[in-house]
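Enquirer: start_5.txt (compact mmCIF, C-alpha atoms and all ligand atoms) pasted underneath:
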```
# COMPACT_ATOMS: atom_id res chain seq x y z
CA MET Y 18 -5.48 -15.26 -4.21
CA SER Y 19 -3.55 -18.27 -3.02
CA SER Y 20 -5.73 -19.97 -0.42
CA LEU Y 21 -8.68 -19.34 1.83
CA SER Y 22 -7.51 -20.51 5.20
CA ILE Y 23 -4.06 -19.41 6.16
CA PRO Y 24 -2.09 -21.00 8.95
CA ALA Y 25 -0.94 -18.11 11.13
CA SER Y 26 1.70 -20.44 12.52
CA ASP Y 27 3.88 -20.28 9.41
CA PRO Y 28 4.86 -16.64 9.02
CA ILE Y 29 7.45 -15.35 6.58
CA LEU Y 30 7.53 -11.89 8.18
CA GLU Y 31 6.57 -10.77 11.68
CA ILE Y 32 6.47 -7.09 12.49
CA LYS Y 33 6.29 -6.22 16.17
CA ASP Y 34 5.59 -2.79 17.66
CA LEU Y 35 7.38 -1.06 14.80
CA LYS Y 36 7.93 2.67 15.08
CA THR Y 37 9.55 4.74 12.33
CA TYR Y 38 9.90 8.43 13.06
CA PHE Y 39 11.27 11.40 11.12
CA PHE Y 40 13.08 13.88 13.32
CA LEU Y 41 12.58 17.27 11.74
CA GLU Y 42 13.88 20.57 13.03
CA LYS Y 43 10.65 21.67 14.64
CA SER Y 44 8.70 18.46 15.02
CA THR Y 45 8.76 14.67 14.98
CA VAL Y 46 6.73 12.82 12.36
CA ARG Y 47 5.49 9.54 13.82
CA ALA Y 48 4.98 7.93 10.42
CA ILE Y 49 4.79 4.35 11.78
CA ASP Y 50 3.66 4.30 15.36
CA GLY Y 51 3.44 0.82 16.83
CA VAL Y 52 2.57 -1.56 13.99
CA ASN Y 53 2.07 -5.28 14.63
CA LEU Y 54 1.60 -7.38 11.52
CA THR Y 55 2.22 -10.97 10.44
CA LEU Y 56 2.62 -12.05 6.84
CA PRO Y 57 1.95 -15.77 6.37
CA ARG Y 58 4.03 -17.68 3.85
CA LYS Y 59 2.79 -17.68 0.25
CA SER Y 60 -0.07 -15.30 0.89
CA THR Y 61 -1.04 -11.82 -0.21
CA LEU Y 62 -1.59 -9.12 2.36
CA GLY Y 63 -3.33 -5.94 1.26
CA LEU Y 64 -2.23 -2.80 3.09
CA VAL Y 65 -4.74 0.00 2.61
CA GLY Y 66 -5.38 3.50 3.89
CA GLU Y 67 -5.60 7.08 2.67
CA SER Y 68 -2.61 8.96 1.40
CA GLY Y 69 -0.20 9.89 4.20
CA CYS Y 70 -1.17 7.01 6.52
CA GLY Y 71 2.32 5.50 6.45
CA LYS Y 72 2.04 2.76 3.83
CA SER Y 73 5.19 3.69 1.93
CA VAL Y 74 7.16 4.30 5.10
CA MET Y 75 6.18 0.74 6.11
CA SER Y 76 7.58 -0.70 2.90
CA MET Y 77 10.71 1.45 3.08
CA SER Y 78 11.22 0.38 6.71
CA ILE Y 79 11.05 -3.30 5.75
CA MET Y 80 13.55 -2.68 2.94
CA ARG Y 81 15.67 -0.53 5.29
CA LEU Y 82 15.56 2.27 2.72
CA ILE Y 83 14.41 4.98 5.14
CA GLN Y 84 16.49 8.06 4.60
CA SER Y 85 18.53 8.65 7.75
CA PRO Y 86 18.66 11.36 8.97
CA PRO Y 87 15.92 12.47 9.39
CA GLY Y 88 14.25 9.04 9.49
CA LYS Y 89 14.89 6.27 11.99
CA ILE Y 90 13.38 3.01 13.15
CA VAL Y 91 13.10 3.87 16.83
CA ASN Y 92 11.44 0.71 18.09
CA GLY Y 93 10.33 -2.78 17.20
CA GLU Y 94 11.24 -5.86 15.23
CA ILE Y 95 10.92 -6.94 11.61
CA LYS Y 96 11.58 -10.65 11.75
CA LEU Y 97 12.26 -12.44 8.49
CA HIS Y 98 11.80 -16.22 8.65
CA ARG Y 99 14.26 -17.35 6.04
CA ASP Y 100 13.16 -19.99 3.56
CA LYS Y 101 16.17 -22.19 3.22
CA THR Y 102 17.76 -22.20 6.65
CA ASN Y 103 14.79 -21.71 9.00
CA GLU Y 104 16.85 -18.90 10.43
CA VAL Y 105 15.00 -15.89 11.86
CA ILE Y 106 16.67 -12.55 11.35
CA ASP Y 107 15.57 -9.16 12.70
CA ILE Y 108 15.84 -6.75 9.79
CA ALA Y 109 15.26 -3.79 12.10
CA LYS Y 110 18.59 -4.51 13.80
CA LEU Y 111 20.68 -4.77 10.63
CA ASP Y 112 22.98 -2.12 9.22
CA PRO Y 113 21.01 -0.73 6.25
CA ARG Y 114 24.21 -0.59 4.19
CA GLY Y 115 25.74 -3.83 5.50
CA PRO Y 116 26.26 -7.05 3.53
CA GLU Y 117 23.37 -8.91 5.22
CA MET Y 118 20.84 -6.24 4.29
CA ARG Y 119 22.20 -6.03 0.75
CA LYS Y 120 21.66 -9.76 0.45
CA ILE Y 121 18.08 -9.51 1.71
CA ARG Y 122 17.21 -6.43 -0.36
CA GLY Y 123 16.45 -7.66 -3.83
CA GLY Y 124 17.48 -11.22 -3.06
CA GLU Y 125 14.92 -12.18 -0.41
CA ILE Y 126 12.61 -9.16 -0.30
CA ALA Y 127 12.00 -7.18 -3.47
CA ILE Y 128 9.96 -4.08 -4.13
CA VAL Y 129 7.98 -2.68 -7.03
CA PHE Y 130 7.17 1.03 -6.87
CA GLN Y 131 4.35 3.00 -8.42
CA GLU Y 132 6.72 4.84 -10.72
CA PRO Y 133 9.15 2.45 -12.41
CA MET Y 134 11.33 5.33 -13.60
CA MET Y 135 12.33 5.75 -9.96
CA SER Y 136 14.06 2.40 -9.97
CA LEU Y 137 15.10 2.02 -13.58
CA ASN Y 138 18.26 3.76 -14.70
CA PRO Y 139 17.52 5.73 -17.89
CA LEU Y 140 21.10 5.30 -19.09
CA PHE Y 141 21.26 1.50 -19.14
CA LYS Y 142 19.64 -1.11 -21.33
CA ILE Y 143 16.85 -3.14 -19.74
CA GLY Y 144 18.75 -6.43 -20.11
CA GLU Y 145 21.85 -5.04 -18.42
CA GLN Y 146 19.82 -3.71 -15.51
CA ILE Y 147 18.17 -7.04 -14.79
CA ALA Y 148 21.45 -8.91 -15.30
CA GLU Y 149 23.19 -6.61 -12.83
CA VAL Y 150 20.71 -7.47 -10.09
CA VAL Y 151 21.00 -11.18 -10.84
CA GLU Y 152 24.81 -11.01 -10.69
CA LEU Y 153 24.66 -9.15 -7.41
CA HIS Y 154 22.73 -11.95 -5.74
CA GLN Y 155 23.73 -15.11 -7.55
CA LYS Y 156 27.01 -16.64 -8.58
CA VAL Y 157 26.46 -16.60 -12.31
CA SER Y 158 28.34 -15.39 -15.37
CA HIS Y 159 27.22 -12.28 -17.22
CA LYS Y 160 25.94 -14.46 -20.05
CA GLU Y 161 23.85 -16.54 -17.62
CA ALA Y 162 22.53 -13.37 -16.00
CA LEU Y 163 21.44 -12.03 -19.40
CA ASP Y 164 19.77 -15.38 -20.13
CA ARG Y 165 17.92 -15.02 -16.85
CA ALA Y 166 16.91 -11.46 -17.86
CA LEU Y 167 15.43 -12.80 -21.09
CA GLU Y 168 13.66 -15.59 -19.21
CA MET Y 169 12.13 -13.04 -16.81
CA LEU Y 170 11.05 -10.67 -19.60
CA THR Y 171 9.36 -13.62 -21.29
CA LYS Y 172 7.67 -14.56 -18.01
CA VAL Y 173 6.19 -11.10 -17.56
CA GLN Y 174 4.77 -11.45 -21.07
CA ILE Y 175 6.43 -8.46 -22.62
CA SER Y 176 6.14 -8.37 -26.41
CA ALA Y 177 9.38 -9.08 -28.30
CA PRO Y 178 11.38 -9.82 -25.13
CA LYS Y 179 14.66 -10.39 -26.95
CA GLN Y 180 14.49 -6.96 -28.52
CA ARG Y 181 13.62 -5.35 -25.16
CA LEU Y 182 16.89 -6.56 -23.65
CA ASN Y 183 18.66 -3.97 -25.76
CA GLU Y 184 16.19 -1.13 -25.27
CA TYR Y 185 16.28 1.74 -22.79
CA PRO Y 186 13.49 2.47 -20.27
CA HIS Y 187 12.21 5.52 -22.19
CA GLN Y 188 11.51 3.35 -25.22
CA LEU Y 189 8.86 1.40 -23.31
CA SER Y 190 5.27 2.28 -22.40
CA GLY Y 191 4.28 2.75 -18.74
CA GLY Y 192 2.70 -0.71 -18.58
CA MET Y 193 5.78 -2.33 -20.14
CA ARG Y 194 8.07 -0.54 -17.71
CA GLN Y 195 6.01 -1.86 -14.83
CA ARG Y 196 6.39 -5.37 -16.29
CA VAL Y 197 10.15 -4.81 -16.43
CA MET Y 198 10.06 -3.76 -12.76
CA ILE Y 199 8.25 -6.96 -11.87
CA ALA Y 200 10.76 -8.98 -13.90
CA LEU Y 201 13.56 -7.19 -12.07
CA ALA Y 202 11.95 -7.74 -8.68
CA LEU Y 203 11.32 -11.45 -9.28
CA SER Y 204 14.61 -12.19 -11.03
CA CYS Y 205 16.24 -13.50 -7.85
CA ASN Y 206 13.26 -15.49 -6.57
CA PRO Y 207 12.53 -13.33 -3.51
CA SER Y 208 10.33 -14.86 -0.82
CA ILE Y 209 8.55 -11.53 -0.33
CA LEU Y 210 7.45 -9.05 -2.96
CA ILE Y 211 6.36 -5.62 -1.76
CA ALA Y 212 4.26 -3.84 -4.36
CA ASP Y 213 3.71 -0.19 -3.42
CA GLU Y 214 0.83 1.15 -5.51
CA PRO Y 215 2.14 -0.90 -8.45
CA THR Y 216 -0.66 -0.06 -10.84
CA THR Y 217 -1.84 3.36 -9.70
CA ALA Y 218 -0.16 5.18 -12.57
CA LEU Y 219 -1.58 2.82 -15.22
CA ASP Y 220 -4.89 2.83 -17.03
CA VAL Y 221 -7.54 0.37 -15.93
CA THR Y 222 -6.99 -2.29 -18.61
CA VAL Y 223 -3.24 -2.41 -18.13
CA GLN Y 224 -3.80 -2.32 -14.37
CA SER Y 225 -5.78 -5.55 -14.39
CA GLN Y 226 -3.28 -7.23 -16.75
CA ILE Y 227 -0.45 -6.39 -14.36
CA LEU Y 228 -2.42 -7.65 -11.35
CA ASP Y 229 -3.25 -10.92 -13.13
CA LEU Y 230 0.41 -11.26 -13.97
CA MET Y 231 1.43 -10.74 -10.36
CA SER Y 232 -1.00 -13.44 -9.18
CA GLU Y 233 0.31 -15.88 -11.78
CA LEU Y 234 3.92 -15.23 -10.91
CA GLN Y 235 3.19 -15.58 -7.22
CA GLU Y 236 1.81 -19.09 -7.78
CA ASP Y 237 4.87 -19.84 -9.81
CA ALA Y 238 7.42 -18.47 -7.37
CA ASN Y 239 5.72 -19.34 -4.08
CA ALA Y 240 6.29 -15.80 -2.90
CA SER Y 241 4.34 -13.74 -0.39
CA ILE Y 242 3.10 -10.34 -1.46
CA ILE Y 243 2.49 -7.16 0.49
CA LEU Y 244 0.22 -5.21 -1.80
CA ILE Y 245 0.03 -1.56 -0.88
CA THR Y 246 -2.79 0.38 -2.45
CA HIS Y 247 -5.51 2.89 -1.76
CA ASN Y 248 -7.68 0.96 -4.22
CA LEU Y 249 -9.98 -1.39 -2.32
CA GLY Y 250 -11.17 -2.96 -5.56
CA VAL Y 251 -7.63 -4.16 -6.22
CA VAL Y 252 -7.40 -5.54 -2.70
CA SER Y 253 -10.67 -7.47 -2.94
CA GLN Y 254 -9.39 -9.08 -6.11
CA MET Y 255 -5.88 -9.91 -4.95
CA ALA Y 256 -5.45 -10.16 -1.19
CA ASP Y 257 -6.00 -13.06 1.20
CA GLN Y 258 -5.92 -10.72 4.18
CA VAL Y 259 -6.20 -6.98 4.61
CA ALA Y 260 -4.64 -4.56 7.08
CA VAL Y 261 -6.18 -1.11 7.26
CA MET Y 262 -3.81 1.67 8.26
CA TYR Y 263 -4.66 5.02 9.77
CA LEU Y 264 -2.05 7.52 10.88
CA GLY Y 265 0.79 5.08 11.36
CA LYS Y 266 -1.27 2.36 13.04
CA ILE Y 267 -3.16 -0.73 11.94
CA VAL Y 268 -6.79 -0.10 12.90
CA GLU Y 269 -8.33 -3.26 11.43
CA PHE Y 270 -7.09 -6.62 10.20
CA ALA Y 271 -9.03 -9.57 8.79
CA ASP Y 272 -9.37 -12.07 5.96
CA THR Y 273 -10.38 -10.14 2.84
CA ARG Y 274 -13.87 -11.59 2.52
CA GLU Y 275 -14.59 -11.00 6.20
CA LEU Y 276 -13.31 -7.42 6.04
CA PHE Y 277 -15.45 -6.54 3.05
CA HIS Y 278 -18.58 -8.15 4.46
CA LYS Y 279 -18.20 -7.22 8.09
CA PRO Y 280 -16.00 -4.14 8.47
CA LEU Y 281 -15.77 -3.26 12.17
CA HIS Y 282 -13.85 0.00 12.24
CA PRO Y 283 -15.76 3.12 11.13
CA TYR Y 284 -12.66 4.13 9.17
CA THR Y 285 -12.83 0.92 7.14
CA VAL Y 286 -16.55 1.47 6.62
CA GLY Y 287 -15.73 5.00 5.44
CA LEU Y 288 -13.11 3.70 3.02
CA LEU Y 289 -15.52 1.12 1.63
CA ASN Y 290 -18.22 3.77 1.14
CA SER Y 291 -15.87 6.19 -0.54
CA VAL Y 292 -14.68 4.10 -3.48
CA PRO Y 293 -16.46 1.98 -6.06
CA VAL Y 294 -15.71 -1.66 -5.33
CA LEU Y 295 -15.81 -4.15 -8.18
CA GLY Y 296 -18.28 -6.97 -7.70
CA ARG Y 297 -20.47 -5.10 -5.21
CA LYS Y 298 -24.05 -5.40 -6.32
CA GLY Y 299 -26.42 -2.60 -7.23
CA GLU Y 300 -25.94 1.12 -7.43
CA GLN Y 301 -23.14 2.24 -5.16
CA HIS Y 302 -23.69 5.41 -3.23
CA LEU Y 303 -20.25 6.91 -2.83
CA GLU Y 304 -19.46 9.24 0.00
CA PRO Y 305 -16.01 10.53 0.89
CA ILE Y 306 -14.82 10.37 4.50
CA LYS Y 307 -15.26 13.80 6.07
CA GLY Y 308 -12.24 15.78 7.19
CA MET Y 309 -8.58 15.03 6.73
CA VAL Y 310 -5.95 12.72 8.14
CA PRO Y 311 -4.38 14.64 11.05
CA LEU Y 312 -0.68 15.36 10.80
CA PRO Y 313 1.39 12.61 12.38
CA THR Y 314 3.13 15.32 14.39
CA ASP Y 315 -0.01 16.30 16.29
CA ALA Y 316 -0.20 14.80 19.76
CA ILE Y 317 -3.35 12.69 19.85
CA LYS Y 318 -4.80 11.55 23.14
CA GLY Y 319 -7.60 9.23 22.09
CA CYS Y 320 -8.43 7.52 18.81
CA ALA Y 321 -6.86 9.36 15.87
CA PHE Y 322 -10.01 8.83 13.81
CA ALA Y 323 -12.40 10.21 16.48
CA PRO Y 324 -12.61 13.76 15.02
CA ARG Y 325 -13.88 12.29 11.72
CA CYS Y 326 -15.88 9.40 13.13
CA PRO Y 327 -19.69 9.41 12.87
CA HIS Y 328 -19.91 7.13 15.93
CA ALA Y 329 -17.41 8.89 18.21
CA MET Y 330 -18.18 8.55 21.92
CA LYS Y 331 -16.74 10.35 24.93
CA ILE Y 332 -14.04 7.78 25.55
CA CYS Y 333 -12.82 7.99 21.94
CA SER Y 334 -11.21 11.38 22.45
CA GLU Y 335 -9.84 10.41 25.88
CA LYS Y 336 -8.22 7.02 25.51
CA GLN Y 337 -6.55 5.25 22.63
CA PRO Y 338 -8.19 1.97 21.60
CA ILE Y 339 -5.82 -0.98 21.21
CA LEU Y 340 -5.91 -3.37 18.25
CA ARG Y 341 -7.51 -6.54 19.59
CA GLU Y 342 -9.24 -9.65 18.30
CA VAL Y 343 -12.98 -8.92 18.26
CA ILE Y 344 -14.03 -12.03 16.35
CA PRO Y 345 -11.58 -14.93 15.86
CA GLY Y 346 -9.09 -13.81 13.20
CA HIS Y 347 -10.62 -10.34 12.98
CA GLN Y 348 -8.90 -7.50 14.81
CA ALA Y 349 -10.00 -3.91 15.30
CA ALA Y 350 -8.85 -0.93 17.33
CA CYS Y 351 -12.14 0.75 18.15
CA TRP Y 352 -14.08 1.48 21.35
CA LEU Y 353 -17.34 0.45 19.63
CA HIS Y 354 -15.99 -3.08 19.75
CA ASP Y 355 -14.21 -2.95 23.07
CA GLU Y 356 -15.04 -2.76 26.73
CA PRO Y 357 -13.83 0.47 28.35
CA GLN Y 358 -11.33 -0.44 31.06
N1 LIG U 401 11.49 11.76 4.41
C1 LIG U 401 10.45 12.16 5.14
N2 LIG U 401 10.58 13.21 5.99
C2 LIG U 401 9.53 13.63 6.74
N3 LIG U 401 8.32 13.05 6.72
C3 LIG U 401 8.12 12.01 5.91
C4 LIG U 401 9.18 11.51 5.07
N4 LIG U 401 8.69 10.46 4.35
C5 LIG U 401 7.39 10.34 4.73
N5 LIG U 401 7.06 11.25 5.67
C6 LIG U 401 5.74 11.41 6.32
O1 LIG U 401 5.30 10.17 6.82
C7 LIG U 401 3.89 10.05 6.71
C8 LIG U 401 3.55 8.77 5.98
O2 LIG U 401 3.92 8.91 4.61
P1 LIG U 401 3.77 7.74 3.54
O3 LIG U 401 4.23 6.47 4.14
O4 LIG U 401 4.47 8.20 2.32
O5 LIG U 401 2.21 7.70 3.30
P2 LIG U 401 1.39 6.81 2.26
O6 LIG U 401 2.36 5.96 1.50
O7 LIG U 401 0.42 6.00 3.09
O8 LIG U 401 0.67 7.78 1.40
C9 LIG U 401 3.41 11.31 5.99
O9 LIG U 401 2.94 12.23 6.96
C10 LIG U 401 4.65 11.82 5.33
O10 LIG U 401 4.60 13.21 5.18
MG MG U 402 2.76 5.81 -0.57
```
Could I get this structure in the form of structure tokens?
Expert:
Amino acid sequence: MSSLSIPASDPILEIKDLKTYFFLEKSTVRAIDGVNLTLPRKSTLGLVGESGCGKSVMSMSIMRLIQSPPGKIVNGEIKLHRDKTNEVIDIAKLDPRGPEMRKIRGGEIAIVFQEPMMSLNPLFKIGEQIAEVVELHQKVSHKEALDRALEMLTKVQISAPKQRLNEYPHQLSGGMRQRVMIALALSCNPSILIADEPTTALDVTVQSQILDLMSELQEDANASIILITHNLGVVSQMADQVAVMYLGKIVEFADTRELFHKPLHPYTVGLLNSVPVLGRKGEQHLEPIKGMVPLPTDAIKGCAFAPRCPHAMKICSEKQPILREVIPGHQAACWLHDEPQ
């Protein structure tokens, strides 16, 4: 966690009314459906929600890695406030395969996935893979790029880093591969690191080592992190602020401490009651949220959570609540905390 009070006036990324849809033969999947989100500089934002809520599509939209067709950003802005030049660039408007986006991807915004084998090439040595990324983004010789690879492997505290340079991904354990991914992601000093379920596939001990490592490296690199996870324990440990996603929309947003102590949206309350959260006192009575996330192809008139909500009122199935500031700095999209218009 980098700091307690975060100036909202110094964003690194501003997402405005983002919509990413998948146009299938028989239906349209509204995977991201009007997301507004600001990532302050040098902070960690936790993005949480059940499986299928649109977390990965969010990260792929920011990276412009949405497969098209069938996917498309149909609306909105993803504004990157560049570090060095103070320039603001709208990623949503860039050609995903163009030179500008290639510069941003990996160079300014990097991503770590849940499954490192998805991003590591099984046929190339670890050192070569990191060096290749460095050479793509920086004017350095191959020798310098390999030196940088070794430096990064040392930074992520891999055992015998020199030896690892010449090893192939399959020779490493899952935890080590995830360290390599982090080394790869941070090798070009990105200003934003997106970590999409980075530790989900790892056992608990390795998980907390990797999270500690990410925090340390963030301090070091002055980067912002978007930490995507369904694990609220991880979020409480790592994030400065939390955005809760439900069916392609942000339904609650607050500083982490505030969100955990005073959740406003019944969906957030449901999430908190359904998983054990580290540091919560006493016996925890766990209770899963009833029902399932509706398909993002279903037309929904009111609040998408209403059919599962223990507090649903008449208006909830009639009119969609808008995300608004209920308490200073704390936003929720819920009729319980809004005045019907
Ligand atoms: N390539 C695709 N084609 C069609 N639908 C997709 C595609 N990728 C994701 N989706 C849909 O978008 C929604 C959000 O998915 P995703 O972002 O992966 O969820 P999460 O990461 O929160 O578990 C899901 O309903 C998923 O089925
Ligand atoms: Mg996902």
Enquirer: Tell me which protein, DNA and RNA residues are within 12 Å of Lys279 (chain Y), counting all atoms listed in the file, leaving out same-chain ones fewer than 3 positions away, and put them as a JSON list (two decimals) with C-alpha atoms, in the coordinates of the input.
Expert:
```json
[["chain", "number", "residue", "atom", "x", "y", "z"],
["Y", 269, "GLU", "CA", -8.33, -3.26, 11.43],
["Y", 270, "PHE", "CA", -7.09, -6.62, 10.20],
["Y", 271, "ALA", "CA", -9.03, -9.57, 8.79],
["Y", 272, "ASP", "CA", -9.37, -12.07, 5.96],
["Y", 273, "THR", "CA", -10.38, -10.14, 2.84],
["Y", 274, "ARG", "CA", -13.87, -11.59, 2.52],
["Y", 275, "GLU", "CA", -14.59, -11.00, 6.20],
["Y", 276, "LEU", "CA", -13.31, -7.42, 6.04],
["Y", 282, "HIS", "CA", -13.85, 0.00, 12.24],
["Y", 283, "PRO", "CA", -15.76, 3.12, 11.13],
["Y", 285, "THR", "CA", -12.83, 0.92, 7.14],
["Y", 286, "VAL", "CA", -16.55, 1.47, 6.62],
["Y", 289, "LEU", "CA", -15.52, 1.12, 1.63],
["Y", 343, "VAL", "CA", -12.98, -8.92, 18.26],
["Y", 344, "ILE", "CA", -14.03, -12.03, 16.35],
["Y", 347, "HIS", "CA", -10.62, -10.34, 12.98],
["Y", 348, "GLN", "CA", -8.90, -7.50, 14.81],
["Y", 349, "ALA", "CA", -10.00, -3.91, 15.30]]
```
Enquirer: Of the candidates Y:Ser253, Y:Ser60, Y:Thr37, Y:Asn138, which one gets nearest to Glu184 (chain Y) if we count all atoms listed in the file?
Expert: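 Going through Y:Ser253, Y:Ser60, Y:Thr37, Y:Asn138 one by one, the smallest distance to Glu184 (chain Y) is for Y:Asn138.
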Enquirer: Closest to ligand MG 402 (chain U) among Y:Leu244, Y:Val150, Y:Ala256, Y:Leu41, using all atoms listed in the file?
Expert: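 Under the stated criterion, the closest residue is Y:Leu244.
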Enquirer: What does the distance between CA of Ala240 (chain Y) and CA of Lys101 (chain Y) come to in Å, to one decimal place?
Expert: 13.3 Å
Enquirer: Once you count all atoms listed in the file, which residues end up within 6 Å of ligand LIG 401 (chain U), and could you hand them over as a VMD selection string?
Expert: chain Y and resid 39 46 48 68 to 74 313
Enquirer: What does the distance from CA of Ala212 (chain Y) to CA of Leu137 (chain Y) come to in Å, to one decimal?
Expert: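 Going from CA of Ala212 (chain Y) over to CA of Leu137 (chain Y), I get 15.4 Å.
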Enquirer: Taking only C-alpha atoms and all ligand atoms into account, name the residue in Y:Met75, Y:Met231, Y:Leu219, Y:Ala202 that is nearest to ligand MG 402 (chain U).
Expert: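 Nearest to ligand MG 402 (chain U): Y:Met75.
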Enquirer: Looking at all atoms listed in the file, which of Y:Ile245, Y:Ala109, Y:Cys333, Y:Val223 is the one that sits closest to ligand MG 402 (chain U)?
Expert: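 Checking each candidate against ligand MG 402 (chain U), we get Y:Ile245 as the closest.
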Enquirer: Report, in Å with one decimal, the straight-line distance from CA of Asn53 (chain Y) to CA of Ile317 (chain Y).
Expert: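 Computed distance, CA of Asn53 (chain Y) to CA of Ile317 (chain Y), equals 19.5 Å.
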Enquirer: Which one of Y:Lys142, Y:Lys120, Y:His247, Y:His187 sits closest to Ser291 (chain Y) if you count only C-alpha atoms?
Expert: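 So, comparing all the options, the nearest one is Y:His247.
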Enquirer: When you look at Phe130 (chain Y) with a cut-off of 8 Å (counting all atoms listed in the file), what residues show up, excluding the ones that are within fewer than 2 positions of it in the same chain? I need them as number ranges by chain.
Expert: Y: 128, 132-133, 135-136, 212-215
Enquirer: Take the residues that were just selected and, keeping C-alpha atoms, output them as an mmCIF file, keeping the file's coordinate frame.
Expert:
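Result written to selection.cif:
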```
data_model
loop_
_atom_site.group_PDB
_atom_site.id
_atom_site.type_symbol
_atom_site.label_atom_id
_atom_site.label_comp_id
_atom_site.auth_asym_id
_atom_site.auth_seq_id
_atom_site.Cartn_x
_atom_site.Cartn_y
_atom_site.Cartn_z
ATOM 1 C CA ILE Y 128 9.960 -4.080 -4.130
ATOM 2 C CA GLU Y 132 6.720 4.840 -10.720
ATOM 3 C CA PRO Y 133 9.150 2.450 -12.410
ATOM 4 C CA MET Y 135 12.330 5.750 -9.960
ATOM 5 C CA SER Y 136 14.060 2.400 -9.970
ATOM 6 C CA ALA Y 212 4.260 -3.840 -4.360
ATOM 7 C CA ASP Y 213 3.710 -0.190 -3.420
ATOM 8 C CA GLU Y 214 0.830 1.150 -5.510
ATOM 9 C CA PRO Y 215 2.140 -0.900 -8.450
#
```
Enquirer: Hey, can you pull every residue with an atom no more than 7 Å from (-3.0, -8.5, 0.7), using only C-alpha atoms, and send it as a list in words?
Expert: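 Counting only C-alpha atoms, I find these residues within 7 Å of (-3.0, -8.5, 0.7): Thr61, Leu62, Gly63, Leu64, Ile242, Ile243, Leu244, Val252, Met255, Ala256, Asp257, Gln258 and Val259 of chain Y.
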Enquirer: Determine the nearest neighbour of Trp352 (chain Y) from the options Y:Ile175, Y:Leu234, Y:Leu56, Y:Cys326, counting only C-alpha atoms.
Expert: Y:Cys326
Enquirer: Show which residues sit within 12 Å of Ile209 (chain Y), as number ranges by chain. Count all atoms listed in the file, and ignore same-chain residues fewer than 5 positions away.
Expert: Y: 28-30, 56-62, 76, 79-80, 97-100, 121-129, 202-203, 235, 238-244
